[in-house]
Structures are given as structure tokens and as C-alpha cells.
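J.: Quick one: structure below, then a few questions.
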Amino acid sequence: MEMIAEPERFRRACDEARRSGTEVGFVPTMGDLHQGHARLIKAARDDGCLVALSVFVNPLQFDSAADLRAYPRGLERDRVVATSLGVDLLFAPSESAMYPRGRPGISVDPGLLGERLEGSSRPGHFRGVLTVVAKLLNLAGPCRAYFGEKDAQQLALVWRMADELNVPVQVMGCPTVREFDGLALSSRNARLSPQERRASVALFEALSEAATQVRQGERRGDVIRAGMARRIAAEPLAALDYVAVVDERTWEDVGQLDGPARALVAARFGATRLIDNARLPWSGGEDMHNGGMHGLPREGA
Ligand code: PAF
């Protein structure tokens, strides 16, 4: 595995791969690699790509300095894990290499969807995400880029950015990887105390209850949202941030379920904020354990 810190060298390495006839499979991460990332890397390998992984903790997407400081970093461990997973190129730039003039004066506006849900709880988050993803994709060049459905709103926004700004990338969504009890894998899980870890299953249970309600014929968005909120409220260690049921194509709140929809939840467990989501069952479609982003094209132009 080749490790690269300079953006221009990363660009050249990806160009070279394409010249030799290999498609580039790009997996952008903030490091602290876990099984969720392994799934993205495997998808890129299975697609026959040269696998390029970036590890960069992007300061632009943190709305709190404390959260940025607390974000786990361990490049040496990530290097070992990436090697064992068959990554070909590991791009790990410094902050000054990515933002040589400090905070960029030009950034990507995520539009109205960027202000909702995660965007409302974390102002500026998606502007920071899309700006760094645009930079990384400009360096990687034409490629397939792999993102987890765990961050469904991020995936939808990256797809929209690629579509609306004609970025030459195929955006690939990969299913969420879960612990034995349903907790979605996240770098933040390590910060939970044992009690908070036990309590955190409430997120998956709220989503499972929403799916069960739909399977039993419930179609009213308000009723499904109320059921999810009740499940979170029943957990004393959880502080609810939001529950939502959105149309998967428009990301508008669903009044009456009449097509593919996604349930989303965010809550704090002590100092740790967790998010999760699942596609709701719909007329013979996938269920929440294996659900693709139905209704949301998986590949951009
Ligand atoms: O999902 C993440 O890890 C980050 O938001 C991303 C896409 C690598 C951008 O910093």
C-alpha cells in the first residue's frame, strides 16, 4: 500500500491508475477505521477498482471545537488496518495541505436539505462535508466513491452535489453495518460508558418499531414519529434530538406514507450524540437490515 500526504501526489497516483486502465474506487473517511469502513473498501474491491482511501479529520464539518478535539485519531493503526483490508492508496493529508490558506473562502452550499435534521442540529456541518468531499473528489478525479447509508443525509447530499454540479463520480451507497444488538457502527460508539452503550440500542429499537408499525399497516407519519419518540423517551439515559420520517426522494417530512420512506433518529447518550436511520418497508422492497437507498439513485452521473 502506498501512503501519500501531498494532494498533488494523490492526484497523480489516481491519474496513473486510470491511465493503466483501472477504475479508481475512492473511500473518503475521517479515520478510526472500523467494520463500516471495511464494508466500503470491500465494495470498491469487489467492483474491481484500485482502492484509494482518504483519512482526514475535516475541521470544517465540526460545529464544536470540543467535538473536533475529541474525534479519535490514530494514523498508524489506520495504516495497519487499511493494509490488511487491501487498500492500494492511503491519502492522509495534513490540515495545512488541504487548507493552505486556512478556512476556504469558497464553499459548497448544501441547499435547503443541508439545513434540515443533522443540518439544523449541527449548523454548517453539511457545508463543511460537501466542501471537503468536493475537494477530495477533484483530487481523486473520475471515480466511484463509496459512502455508508449510516449517514443517509450526507449520502443524499453528496449524490445531489454530484448530480447538480456534474462531478464525474458514481456515488455508491453501502448498507449500514450493525453490532449484534443493532447499534450502527460509528467511531463515536467507543465514547459510550457501559451503561450508555446498553441504552444506545434504543435507537435501533425505535427504528425497528417504526418498521413494525408500517408492516402492520400504519401509514400516518405523525403516528410513526410519535412511536419512535416514545421509545427513545422510555430510555432514561437518552436525550432525544429528533425523529423523522422522510420521503426518500425529496427528503420532505412524510404526512401519509405512500412510497419509499426513511426513518431517522438522533439522540444523546451522555456527551455522545448518535444518529441512525433505516428505510421503511415498502411493498416488497428491502427491509431495514439490508435496505439500499431505494428511490435514491445509487449512482450519480
Ligand atoms: O463520513 C465521513 O466520514 C465524513 O463526513 C467524510 C465524508 C469523510 C467527509 O469528511
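In the C-alpha cells, chains take the letters A, B, ... in the order shown, each chain's residues start at 1, and ligands count up from 1 in the order shown.
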Residues within 6 Å of ligand 1 (only C-alpha atoms and all ligand atoms), as a PyMOL selection string?
T.: chain A and resi 28-30+58+129+133
J.: I'd like the contact shell of stretch 223-237 of chain A - 6 Å cut-off, only C-alpha atoms, skipping same-chain residues fewer than 6 positions apart - returned as a list in words.
T.: Ala202, Ala206, Ala210 and Phe269 of chain A
J.: As number ranges by chain, please: every residue in stretch 59-285 of chain A that DSSP puts in strand (DSSP E or B).
T.: A: 89-91, 143-148, 169-174, 178, 184, 220, 238-247, 253, 256, 261-269, 272-279
J.: Neighbours of stretch 45-50 of chain A within 7 Å (only C-alpha atoms; same-chain residues fewer than 3 positions away dropped), as a ChimeraX atom specification?
T.: /A:22-25,41-42,88
J.: With a distance cut-off of 8 Å and only C-alpha atoms, select the neighbouring residues of stretch 34-40 of chain A, excluding the residue or stretch itself and same-chain residues fewer than 6 positions from it, and output the selection as a list in words.
T.: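 Within the cut-off, the hits are Val27, Leu85, Tyr146, Phe147, Gly148, Cys174, Thr176, Val177, Leu185, Ser186 and Ser187 of chain A.
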J.: Of the candidates A:Val201, A:Ala65, A:Leu90, A:Ala162, which shows the shortest atom-to-atom distance to A:Glu179, using only C-alpha atoms?
T.: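 Counting only C-alpha atoms, the residue closest to A:Glu179 is A:Val201.
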J.: For A:Leu240, list every protein, DNA or RNA residue within 7 Å, evaluated using only C-alpha atoms, and leave out those in the same chain fewer than 2 positions away; present the list as a list in words.
T.: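 After dropping sequence-adjacent residues, the list is Ile232, Ala238, Tyr242, Ala266, Ala267 and Arg268 of chain A.
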J.: Mind checking DSSP for stretch 86-298 of chain A and telling me the helix (DSSP H, G or I) residues as a PyMOL selection string?
T.: chain A and resi 95-98+112-115+118-121+125-140+149-164+187-191+194-199+201-215+221-233
J.: Which residue out of A:Val80, A:Val57, A:Ala140, A:Ala70 has the minimum interatomic distance to A:Cys14 when only C-alpha atoms are used?
T.: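 Selected residue with least distance to A:Cys14: A:Ala140.
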J.: Per residue of stretch 145-211 of chain A within 10 Å of stretch 91-114 of chain A, note the shortest atom pair and the distance in Å to one decimal, counting only C-alpha atoms, and order the rows by chain and increasing residue number, as CSV.
T.:
```
residue,atom,partner,partner_atom,distance
A:Gln153,CA,A:Leu113,CA,8.2
A:Gln154,CA,A:Gly114,CA,8.6
A:Ala156,CA,A:Leu113,CA,9.0
A:Leu157,CA,A:Pro110,CA,6.9
A:Val158,CA,A:Pro110,CA,8.9
A:Arg160,CA,A:Pro110,CA,8.8
A:Met161,CA,A:Pro110,CA,7.7
```
J.: With all heavy atoms retained, write the just-selected residues as a short mmCIF file (atom, residue, chain, number, x, y, z; two decimals), in the first residue's frame.
T.:
```
data_model
loop_
_atom_site.label_atom_id
_atom_site.label_comp_id
_atom_site.auth_asym_id
_atom_site.auth_seq_id
_atom_site.Cartn_x
_atom_site.Cartn_y
_atom_site.Cartn_z
N GLN A 153 -28.31 11.22 5.22
CA GLN A 153 -28.50 12.59 4.72
C GLN A 153 -27.23 13.06 3.99
O GLN A 153 -27.31 13.72 2.95
CB GLN A 153 -28.84 13.52 5.89
CG GLN A 153 -29.41 14.86 5.45
CD GLN A 153 -29.76 15.76 6.62
OE1 GLN A 153 -29.62 15.37 7.79
NE2 GLN A 153 -30.19 16.97 6.33
N GLN A 154 -26.08 12.70 4.53
CA GLN A 154 -24.81 13.02 3.87
C GLN A 154 -24.76 12.37 2.48
O GLN A 154 -24.40 13.00 1.49
CB GLN A 154 -23.65 12.52 4.73
CG GLN A 154 -22.31 12.50 4.02
CD GLN A 154 -21.16 12.14 4.94
OE1 GLN A 154 -20.73 12.94 5.73
NE2 GLN A 154 -20.63 10.93 4.83
N ALA A 156 -27.24 11.44 0.60
CA ALA A 156 -28.19 12.10 -0.30
C ALA A 156 -27.61 13.42 -0.81
O ALA A 156 -27.74 13.77 -1.99
CB ALA A 156 -29.51 12.34 0.41
N LEU A 157 -26.96 14.16 0.09
CA LEU A 157 -26.41 15.46 -0.31
C LEU A 157 -25.22 15.30 -1.25
O LEU A 157 -25.06 16.08 -2.20
CB LEU A 157 -26.00 16.26 0.94
CG LEU A 157 -27.19 16.94 1.63
CD1 LEU A 157 -26.82 17.39 3.04
CD2 LEU A 157 -27.69 18.13 0.81
N VAL A 158 -24.38 14.30 -1.01
CA VAL A 158 -23.24 14.07 -1.91
C VAL A 158 -23.78 13.69 -3.29
O VAL A 158 -23.30 14.18 -4.32
CB VAL A 158 -22.29 12.97 -1.36
CG1 VAL A 158 -21.27 12.56 -2.42
CG2 VAL A 158 -21.58 13.45 -0.10
N ARG A 160 -26.66 14.54 -4.55
CA ARG A 160 -27.23 15.74 -5.19
C ARG A 160 -26.12 16.66 -5.71
O ARG A 160 -26.24 17.24 -6.78
CB ARG A 160 -28.08 16.53 -4.17
CG ARG A 160 -29.44 15.93 -3.99
CD ARG A 160 -30.31 16.83 -3.15
NE ARG A 160 -31.56 16.15 -2.86
CZ ARG A 160 -32.57 16.70 -2.24
NH1 ARG A 160 -32.49 17.93 -1.79
NH2 ARG A 160 -33.67 16.00 -2.02
N MET A 161 -25.06 16.81 -4.91
CA MET A 161 -23.95 17.66 -5.35
C MET A 161 -23.36 17.13 -6.65
O MET A 161 -23.15 17.89 -7.61
CB MET A 161 -22.86 17.72 -4.27
CG MET A 161 -21.64 18.51 -4.72
SD MET A 161 -20.33 18.60 -3.48
CE MET A 161 -19.59 16.97 -3.63
#
```
J.: Please list as a PDB file with all heavy atoms, in the first residue's frame every residue within 12 Å of stretch 216-220 of chain A, counting only C-alpha atoms and excluding residues in the same chain fewer than 3 positions away.
T.:
```
ATOM      1  N   GLU A 209     -39.286  -0.415  15.644  1.00  0.00           N
ATOM      2  CA  GLU A 209     -40.713  -0.230  15.948  1.00  0.00           C
ATOM      3  C   GLU A 209     -41.422   0.491  14.812  1.00  0.00           C
ATOM      4  O   GLU A 209     -42.551   0.164  14.454  1.00  0.00           O
ATOM      5  CB  GLU A 209     -40.862   0.551  17.256  1.00  0.00           C
ATOM      6  CG  GLU A 209     -40.799  -0.391  18.455  1.00  0.00           C
ATOM      7  CD  GLU A 209     -40.924   0.353  19.777  1.00  0.00           C
ATOM      8  OE1 GLU A 209     -41.627   1.379  19.837  1.00  0.00           O
ATOM      9  OE2 GLU A 209     -40.293  -0.124  20.740  1.00  0.00           O
ATOM     10  N   ALA A 210     -40.722   1.479  14.232  1.00  0.00           N
ATOM     11  CA  ALA A 210     -41.308   2.211  13.102  1.00  0.00           C
ATOM     12  C   ALA A 210     -41.571   1.237  11.948  1.00  0.00           C
ATOM     13  O   ALA A 210     -42.642   1.250  11.334  1.00  0.00           O
ATOM     14  CB  ALA A 210     -40.368   3.324  12.655  1.00  0.00           C
ATOM     15  N   ALA A 211     -40.588   0.362  11.684  1.00  0.00           N
ATOM     16  CA  ALA A 211     -40.740  -0.608  10.594  1.00  0.00           C
ATOM     17  C   ALA A 211     -41.901  -1.554  10.883  1.00  0.00           C
ATOM     18  O   ALA A 211     -42.696  -1.884   9.992  1.00  0.00           O
ATOM     19  CB  ALA A 211     -39.441  -1.383  10.412  1.00  0.00           C
ATOM     20  N   THR A 212     -42.014  -1.989  12.153  1.00  0.00           N
ATOM     21  CA  THR A 212     -43.103  -2.903  12.521  1.00  0.00           C
ATOM     22  C   THR A 212     -44.455  -2.220  12.315  1.00  0.00           C
ATOM     23  O   THR A 212     -45.394  -2.807  11.766  1.00  0.00           O
ATOM     24  CB  THR A 212     -42.946  -3.343  13.995  1.00  0.00           C
ATOM     25  OG1 THR A 212     -41.659  -3.928  14.134  1.00  0.00           O
ATOM     26  CG2 THR A 212     -44.018  -4.339  14.415  1.00  0.00           C
ATOM     27  N   GLN A 213     -44.539  -0.953  12.747  1.00  0.00           N
ATOM     28  CA  GLN A 213     -45.811  -0.231  12.584  1.00  0.00           C
ATOM     29  C   GLN A 213     -46.218  -0.193  11.110  1.00  0.00           C
ATOM     30  O   GLN A 213     -47.385  -0.409  10.776  1.00  0.00           O
ATOM     31  CB  GLN A 213     -45.652   1.204  13.096  1.00  0.00           C
ATOM     32  CG  GLN A 213     -45.808   1.344  14.599  1.00  0.00           C
ATOM     33  CD  GLN A 213     -45.893   2.824  14.981  1.00  0.00           C
ATOM     34  OE1 GLN A 213     -45.111   3.640  14.515  1.00  0.00           O
ATOM     35  NE2 GLN A 213     -46.849   3.153  15.815  1.00  0.00           N
ATOM     36  N   VAL A 223     -47.900   9.431  13.511  1.00  0.00           N
ATOM     37  CA  VAL A 223     -48.040   8.307  14.444  1.00  0.00           C
ATOM     38  C   VAL A 223     -46.721   7.533  14.520  1.00  0.00           C
ATOM     39  O   VAL A 223     -46.261   7.142  15.595  1.00  0.00           O
ATOM     40  CB  VAL A 223     -49.215   7.385  14.015  1.00  0.00           C
ATOM     41  CG1 VAL A 223     -49.273   6.127  14.864  1.00  0.00           C
ATOM     42  CG2 VAL A 223     -50.523   8.157  14.078  1.00  0.00           C
ATOM     43  N   ILE A 224     -46.082   7.358  13.367  1.00  0.00           N
ATOM     44  CA  ILE A 224     -44.800   6.619  13.339  1.00  0.00           C
ATOM     45  C   ILE A 224     -43.735   7.420  14.095  1.00  0.00           C
ATOM     46  O   ILE A 224     -42.987   6.883  14.919  1.00  0.00           O
ATOM     47  CB  ILE A 224     -44.364   6.337  11.881  1.00  0.00           C
ATOM     48  CG1 ILE A 224     -45.442   5.526  11.161  1.00  0.00           C
ATOM     49  CG2 ILE A 224     -43.034   5.593  11.840  1.00  0.00           C
ATOM     50  CD1 ILE A 224     -45.278   5.459   9.660  1.00  0.00           C
ATOM     51  N   ARG A 225     -43.710   8.720  13.853  1.00  0.00           N
ATOM     52  CA  ARG A 225     -42.727   9.572  14.551  1.00  0.00           C
ATOM     53  C   ARG A 225     -42.975   9.539  16.057  1.00  0.00           C
ATOM     54  O   ARG A 225     -42.038   9.434  16.856  1.00  0.00           O
ATOM     55  CB  ARG A 225     -42.810  11.023  14.044  1.00  0.00           C
ATOM     56  CG  ARG A 225     -42.124  11.214  12.704  1.00  0.00           C
ATOM     57  CD  ARG A 225     -42.106  12.676  12.287  1.00  0.00           C
ATOM     58  NE  ARG A 225     -43.372  13.109  11.715  1.00  0.00           N
ATOM     59  CZ  ARG A 225     -43.673  13.006  10.415  1.00  0.00           C
ATOM     60  NH1 ARG A 225     -42.811  12.527   9.567  1.00  0.00           N
ATOM     61  NH2 ARG A 225     -44.852  13.411   9.971  1.00  0.00           N
ATOM     62  N   ALA A 226     -44.248   9.600  16.464  1.00  0.00           N
ATOM     63  CA  ALA A 226     -44.567   9.607  17.899  1.00  0.00           C
ATOM     64  C   ALA A 226     -44.122   8.301  18.551  1.00  0.00           C
ATOM     65  O   ALA A 226     -43.597   8.292  19.678  1.00  0.00           O
ATOM     66  CB  ALA A 226     -46.072   9.827  18.100  1.00  0.00           C
ATOM     67  N   GLY A 227     -44.302   7.194  17.835  1.00  0.00           N
ATOM     68  CA  GLY A 227     -43.886   5.883  18.369  1.00  0.00           C
ATOM     69  C   GLY A 227     -42.378   5.836  18.581  1.00  0.00           C
ATOM     70  O   GLY A 227     -41.889   5.345  19.604  1.00  0.00           O
ATOM     71  N   VAL A 245     -39.531  11.041   9.670  1.00  0.00           N
ATOM     72  CA  VAL A 245     -39.872  10.074   8.621  1.00  0.00           C
ATOM     73  C   VAL A 245     -39.958  10.904   7.345  1.00  0.00           C
ATOM     74  O   VAL A 245     -40.782  11.821   7.252  1.00  0.00           O
ATOM     75  CB  VAL A 245     -41.211   9.363   8.898  1.00  0.00           C
ATOM     76  CG1 VAL A 245     -41.565   8.431   7.737  1.00  0.00           C
ATOM     77  CG2 VAL A 245     -41.150   8.585  10.198  1.00  0.00           C
ATOM     78  N   VAL A 246     -39.050  10.635   6.410  1.00  0.00           N
ATOM     79  CA  VAL A 246     -38.978  11.478   5.208  1.00  0.00           C
ATOM     80  C   VAL A 246     -39.181  10.641   3.953  1.00  0.00           C
ATOM     81  O   VAL A 246     -38.864   9.450   3.919  1.00  0.00           O
ATOM     82  CB  VAL A 246     -37.615  12.220   5.112  1.00  0.00           C
ATOM     83  CG1 VAL A 246     -37.399  13.125   6.300  1.00  0.00           C
ATOM     84  CG2 VAL A 246     -36.442  11.250   4.931  1.00  0.00           C
ATOM     85  N   ASP A 253     -40.762  15.806   5.037  1.00  0.00           N
ATOM     86  CA  ASP A 253     -41.470  15.007   6.039  1.00  0.00           C
ATOM     87  C   ASP A 253     -42.666  14.328   5.399  1.00  0.00           C
ATOM     88  O   ASP A 253     -43.376  14.941   4.599  1.00  0.00           O
ATOM     89  CB  ASP A 253     -41.969  15.908   7.175  1.00  0.00           C
ATOM     90  CG  ASP A 253     -40.822  16.321   8.075  1.00  0.00           C
ATOM     91  OD1 ASP A 253     -39.876  15.532   8.242  1.00  0.00           O
ATOM     92  OD2 ASP A 253     -40.866  17.442   8.604  1.00  0.00           O
ATOM     93  N   VAL A 254     -42.876  13.087   5.777  1.00  0.00           N
ATOM     94  CA  VAL A 254     -44.000  12.341   5.216  1.00  0.00           C
ATOM     95  C   VAL A 254     -45.245  12.602   6.062  1.00  0.00           C
ATOM     96  O   VAL A 254     -45.212  12.467   7.288  1.00  0.00           O
ATOM     97  CB  VAL A 254     -43.675  10.829   5.227  1.00  0.00           C
ATOM     98  CG1 VAL A 254     -44.925   9.995   4.997  1.00  0.00           C
ATOM     99  CG2 VAL A 254     -42.628  10.509   4.178  1.00  0.00           C
ATOM    100  N   GLY A 255     -46.351  13.009   5.387  1.00  0.00           N
ATOM    101  CA  GLY A 255     -47.628  13.122   6.085  1.00  0.00           C
ATOM    102  C   GLY A 255     -48.279  11.752   6.115  1.00  0.00           C
ATOM    103  O   GLY A 255     -48.561  11.181   7.165  1.00  0.00           O
ATOM    104  N   GLN A 256     -48.510  11.224   4.934  1.00  0.00           N
ATOM    105  CA  GLN A 256     -49.113   9.911   4.750  1.00  0.00           C
ATOM    106  C   GLN A 256     -48.153   9.083   3.903  1.00  0.00           C
ATOM    107  O   GLN A 256     -47.791   9.507   2.808  1.00  0.00           O
ATOM    108  CB  GLN A 256     -50.449  10.115   4.008  1.00  0.00           C
ATOM    109  CG  GLN A 256     -51.359   8.952   4.001  1.00  0.00           C
ATOM    110  CD  GLN A 256     -52.055   8.737   5.349  1.00  0.00           C
ATOM    111  OE1 GLN A 256     -52.013   9.594   6.223  1.00  0.00           O
ATOM    112  NE2 GLN A 256     -52.663   7.580   5.521  1.00  0.00           N
ATOM    113  N   LEU A 257     -47.748   7.948   4.413  1.00  0.00           N
ATOM    114  CA  LEU A 257     -46.772   7.106   3.692  1.00  0.00           C
ATOM    115  C   LEU A 257     -47.384   6.568   2.397  1.00  0.00           C
ATOM    116  O   LEU A 257     -48.335   5.800   2.430  1.00  0.00           O
ATOM    117  CB  LEU A 257     -46.420   5.919   4.581  1.00  0.00           C
ATOM    118  CG  LEU A 257     -44.942   5.632   4.784  1.00  0.00           C
ATOM    119  CD1 LEU A 257     -44.388   6.665   5.750  1.00  0.00           C
ATOM    120  CD2 LEU A 257     -44.741   4.251   5.367  1.00  0.00           C
ATOM    121  N   ASP A 258     -46.847   6.969   1.250  1.00  0.00           N
ATOM    122  CA  ASP A 258     -47.380   6.406   0.009  1.00  0.00           C
ATOM    123  C   ASP A 258     -46.252   6.084  -0.964  1.00  0.00           C
ATOM    124  O   ASP A 258     -46.426   6.100  -2.174  1.00  0.00           O
ATOM    125  CB  ASP A 258     -48.407   7.349  -0.634  1.00  0.00           C
ATOM    126  CG  ASP A 258     -47.782   8.697  -0.968  1.00  0.00           C
ATOM    127  OD1 ASP A 258     -46.582   8.882  -0.697  1.00  0.00           O
ATOM    128  OD2 ASP A 258     -48.495   9.559  -1.513  1.00  0.00           O
ATOM    129  N   GLY A 259     -45.064   5.834  -0.445  1.00  0.00           N
ATOM    130  CA  GLY A 259     -43.909   5.490  -1.285  1.00  0.00           C
ATOM    131  C   GLY A 259     -42.716   5.234  -0.384  1.00  0.00           C
ATOM    132  O   GLY A 259     -42.831   5.272   0.844  1.00  0.00           O
ATOM    133  N   PRO A 260     -41.556   4.986  -0.991  1.00  0.00           N
ATOM    134  CA  PRO A 260     -40.360   4.694  -0.196  1.00  0.00           C
ATOM    135  C   PRO A 260     -40.049   5.833   0.779  1.00  0.00           C
ATOM    136  O   PRO A 260     -40.034   6.995   0.400  1.00  0.00           O
ATOM    137  CB  PRO A 260     -39.265   4.567  -1.251  1.00  0.00           C
ATOM    138  CG  PRO A 260     -39.976   4.287  -2.522  1.00  0.00           C
ATOM    139  CD  PRO A 260     -41.307   4.957  -2.430  1.00  0.00           C
ATOM    140  N   ALA A 261     -39.812   5.456   2.017  1.00  0.00           N
ATOM    141  CA  ALA A 261     -39.565   6.466   3.049  1.00  0.00           C
ATOM    142  C   ALA A 261     -38.456   5.972   3.968  1.00  0.00           C
ATOM    143  O   ALA A 261     -38.147   4.784   4.017  1.00  0.00           O
ATOM    144  CB  ALA A 261     -40.836   6.709   3.855  1.00  0.00           C
ATOM    145  N   LEU A 280     -37.891   2.363   5.508  1.00  0.00           N
ATOM    146  CA  LEU A 280     -39.085   1.678   6.000  1.00  0.00           C
ATOM    147  C   LEU A 280     -39.553   0.671   4.951  1.00  0.00           C
ATOM    148  O   LEU A 280     -39.387   0.900   3.752  1.00  0.00           O
ATOM    149  CB  LEU A 280     -40.175   2.705   6.313  1.00  0.00           C
ATOM    150  CG  LEU A 280     -39.833   3.585   7.516  1.00  0.00           C
ATOM    151  CD1 LEU A 280     -40.852   4.707   7.698  1.00  0.00           C
ATOM    152  CD2 LEU A 280     -39.734   2.753   8.792  1.00  0.00           C
ATOM    153  N   PRO A 281     -40.108  -0.450   5.421  1.00  0.00           N
ATOM    154  CA  PRO A 281     -40.526  -1.485   4.462  1.00  0.00           C
ATOM    155  C   PRO A 281     -41.572  -0.927   3.505  1.00  0.00           C
ATOM    156  O   PRO A 281     -42.429  -0.162   3.919  1.00  0.00           O
ATOM    157  CB  PRO A 281     -41.136  -2.573   5.350  1.00  0.00           C
ATOM    158  CG  PRO A 281     -41.100  -2.084   6.740  1.00  0.00           C
ATOM    159  CD  PRO A 281     -40.439  -0.751   6.793  1.00  0.00           C
ATOM    160  N   TRP A 282     -41.440  -1.298   2.274  1.00  0.00           N
ATOM    161  CA  TRP A 282     -42.405  -0.786   1.299  1.00  0.00           C
ATOM    162  C   TRP A 282     -42.653  -1.815   0.219  1.00  0.00           C
ATOM    163  O   TRP A 282     -41.707  -2.263  -0.427  1.00  0.00           O
ATOM    164  CB  TRP A 282     -41.912   0.526   0.669  1.00  0.00           C
ATOM    165  CG  TRP A 282     -42.987   1.137  -0.172  1.00  0.00           C
ATOM    166  CD1 TRP A 282     -43.038   1.200  -1.527  1.00  0.00           C
ATOM    167  CD2 TRP A 282     -44.184   1.713   0.310  1.00  0.00           C
ATOM    168  NE1 TRP A 282     -44.198   1.781  -1.931  1.00  0.00           N
ATOM    169  CE2 TRP A 282     -44.932   2.116  -0.817  1.00  0.00           C
ATOM    170  CE3 TRP A 282     -44.732   1.924   1.578  1.00  0.00           C
ATOM    171  CZ2 TRP A 282     -46.173   2.719  -0.714  1.00  0.00           C
ATOM    172  CZ3 TRP A 282     -45.973   2.533   1.675  1.00  0.00           C
ATOM    173  CH2 TRP A 282     -46.667   2.921   0.538  1.00  0.00           C
ATOM    174  N   SER A 283     -43.853  -2.191   0.038  1.00  0.00           N
ATOM    175  CA  SER A 283     -44.358  -3.129  -0.979  1.00  0.00           C
ATOM    176  C   SER A 283     -43.284  -4.028  -1.600  1.00  0.00           C
ATOM    177  O   SER A 283     -42.882  -3.831  -2.739  1.00  0.00           O
ATOM    178  CB  SER A 283     -45.098  -2.390  -2.095  1.00  0.00           C
ATOM    179  OG  SER A 283     -44.261  -1.423  -2.648  1.00  0.00           O
TER     180      SER A 283
END
```
